[in-house]
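Reviewing the structure listed below.
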Amino acid sequence: MSNKSQSLSDDILMRSIKIVDIGYITILYVTLSLVCAMAVDKVMGDFDEKIESKKPLWRLTLEFILIIWLYGVLIYVVRNLIELVPFPLDGYHGFSHKKVKELGSAMVFTFTFVLFSKHLKAKLDFYYKFLKLKM
């Protein structure tokens with residue numbers, strides 16, 4: 001994005017567009033994480049600690065691995081979907097939306113998804129406490 005012969009005003013313009021793009025990408029990731037967390041919580045239902053505490057450690061571990069695997073796949077799918085969403089200023093003065101590093105990093109989605117997902121947080125918390133008691 002940066003060119004050695006670029007003027008100060010061009011540099012400021014490009015950096016400004018990049019800042020707008022980063023905000024745009026962040027809004028997309030947070031919005032999608034909210035939607036996904038609500039959908040997953042609706043599908044998974046309320047977390048019931050009484051039911052979970054009756055399960056053996058091997059089953060809890062297997063469920064934990066499966067959930068983490070599914071969330072990993074979801075994160076991959078979301079990241080690829082977000083890359084398909086066009087940025088309105090792509091190409092303006094040579095700006096390339098595809099080169100913005102935040103586009104390929106689903107860290108914002110991952111963090112906010114875990115933050116918003118009630119079921120995932122409850123399951124992680126329960127599993128951690130269960131392991132501490134067993135060890």
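Chain identifiers are assigned as A, B, and so on, following the order in which chains appear in the structure tokens; residues are numbered from 1 within each chain, and ligands are numbered from 1 in order of appearance.
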
Write out as a PDB file with C-alpha atoms, in the first residue's frame all residues of range 53-113 of chain A that DSSP puts in alpha helix (DSSP H) for this structure's backbone.
```pdb
ATOM      1  CA  SER A  53     -22.289 -33.570  36.406  1.00  0.00           C
ATOM      2  CA  LEU A  57     -15.030 -37.583  32.315  1.00  0.00           C
ATOM      3  CA  TRP A  58     -14.437 -39.352  28.977  1.00  0.00           C
ATOM      4  CA  ARG A  59     -17.835 -38.205  27.672  1.00  0.00           C
ATOM      5  CA  LEU A  60     -17.360 -34.628  28.863  1.00  0.00           C
ATOM      6  CA  THR A  61     -13.944 -34.586  27.220  1.00  0.00           C
ATOM      7  CA  LEU A  62     -15.320 -35.981  23.976  1.00  0.00           C
ATOM      8  CA  GLU A  63     -18.142 -33.406  23.966  1.00  0.00           C
ATOM      9  CA  PHE A  64     -15.658 -30.639  24.753  1.00  0.00           C
ATOM     10  CA  ILE A  65     -13.409 -31.692  21.856  1.00  0.00           C
ATOM     11  CA  LEU A  66     -16.395 -31.906  19.500  1.00  0.00           C
ATOM     12  CA  ILE A  67     -17.660 -28.452  20.492  1.00  0.00           C
ATOM     13  CA  ILE A  68     -14.235 -26.870  20.077  1.00  0.00           C
ATOM     14  CA  TRP A  69     -13.867 -28.588  16.686  1.00  0.00           C
ATOM     15  CA  LEU A  70     -17.282 -27.305  15.570  1.00  0.00           C
ATOM     16  CA  TYR A  71     -16.448 -23.772  16.712  1.00  0.00           C
ATOM     17  CA  GLY A  72     -13.154 -23.977  14.835  1.00  0.00           C
ATOM     18  CA  VAL A  73     -15.028 -24.919  11.658  1.00  0.00           C
ATOM     19  CA  LEU A  74     -17.532 -22.109  12.279  1.00  0.00           C
ATOM     20  CA  ILE A  75     -14.683 -19.605  12.673  1.00  0.00           C
ATOM     21  CA  TYR A  76     -13.144 -20.832   9.411  1.00  0.00           C
ATOM     22  CA  VAL A  77     -16.462 -20.490   7.551  1.00  0.00           C
ATOM     23  CA  VAL A  78     -17.109 -17.019   8.968  1.00  0.00           C
ATOM     24  CA  ARG A  79     -13.618 -15.814   8.059  1.00  0.00           C
ATOM     25  CA  ASN A  80     -14.127 -16.983   4.488  1.00  0.00           C
ATOM     26  CA  LEU A  81     -17.573 -15.361   4.317  1.00  0.00           C
ATOM     27  CA  ILE A  82     -16.262 -12.023   5.603  1.00  0.00           C
ATOM     28  CA  GLU A  83     -13.560 -12.052   2.904  1.00  0.00           C
ATOM     29  CA  LEU A  84     -16.356 -12.155   0.312  1.00  0.00           C
ATOM     30  CA  LYS A 101      -4.423  -8.127   7.601  1.00  0.00           C
ATOM     31  CA  GLU A 102      -7.506  -7.886   9.805  1.00  0.00           C
ATOM     32  CA  LEU A 103      -9.611  -9.309   6.979  1.00  0.00           C
ATOM     33  CA  GLY A 104      -7.939 -12.725   7.189  1.00  0.00           C
ATOM     34  CA  MET A 107      -9.561 -13.010  16.138  1.00  0.00           C
ATOM     35  CA  VAL A 108     -12.278 -10.394  16.717  1.00  0.00           C
ATOM     36  CA  PHE A 109     -14.956 -12.924  15.757  1.00  0.00           C
ATOM     37  CA  THR A 110     -13.441 -15.634  17.955  1.00  0.00           C
ATOM     38  CA  PHE A 111     -13.136 -13.391  20.993  1.00  0.00           C
ATOM     39  CA  THR A 112     -16.604 -11.876  20.728  1.00  0.00           C
ATOM     40  CA  PHE A 113     -18.236 -15.196  19.849  1.00  0.00           C
TER      41      PHE A 113
END
```

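Distance-wise, CA of Ala122 in chain A and CA of Asp46 in chain A end up 9.3 Å apart.
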
Subject >> For Ile19 in chain A, the nearest of the candidates A:Met44, A:Val100, A:Val35, A:Val114, counting only C-alpha atoms >> reply: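 Checking each of A:Met44, A:Val100, A:Val35, A:Val114 against Ile19 in chain A, counting only C-alpha atoms, the winner is A:Val100.
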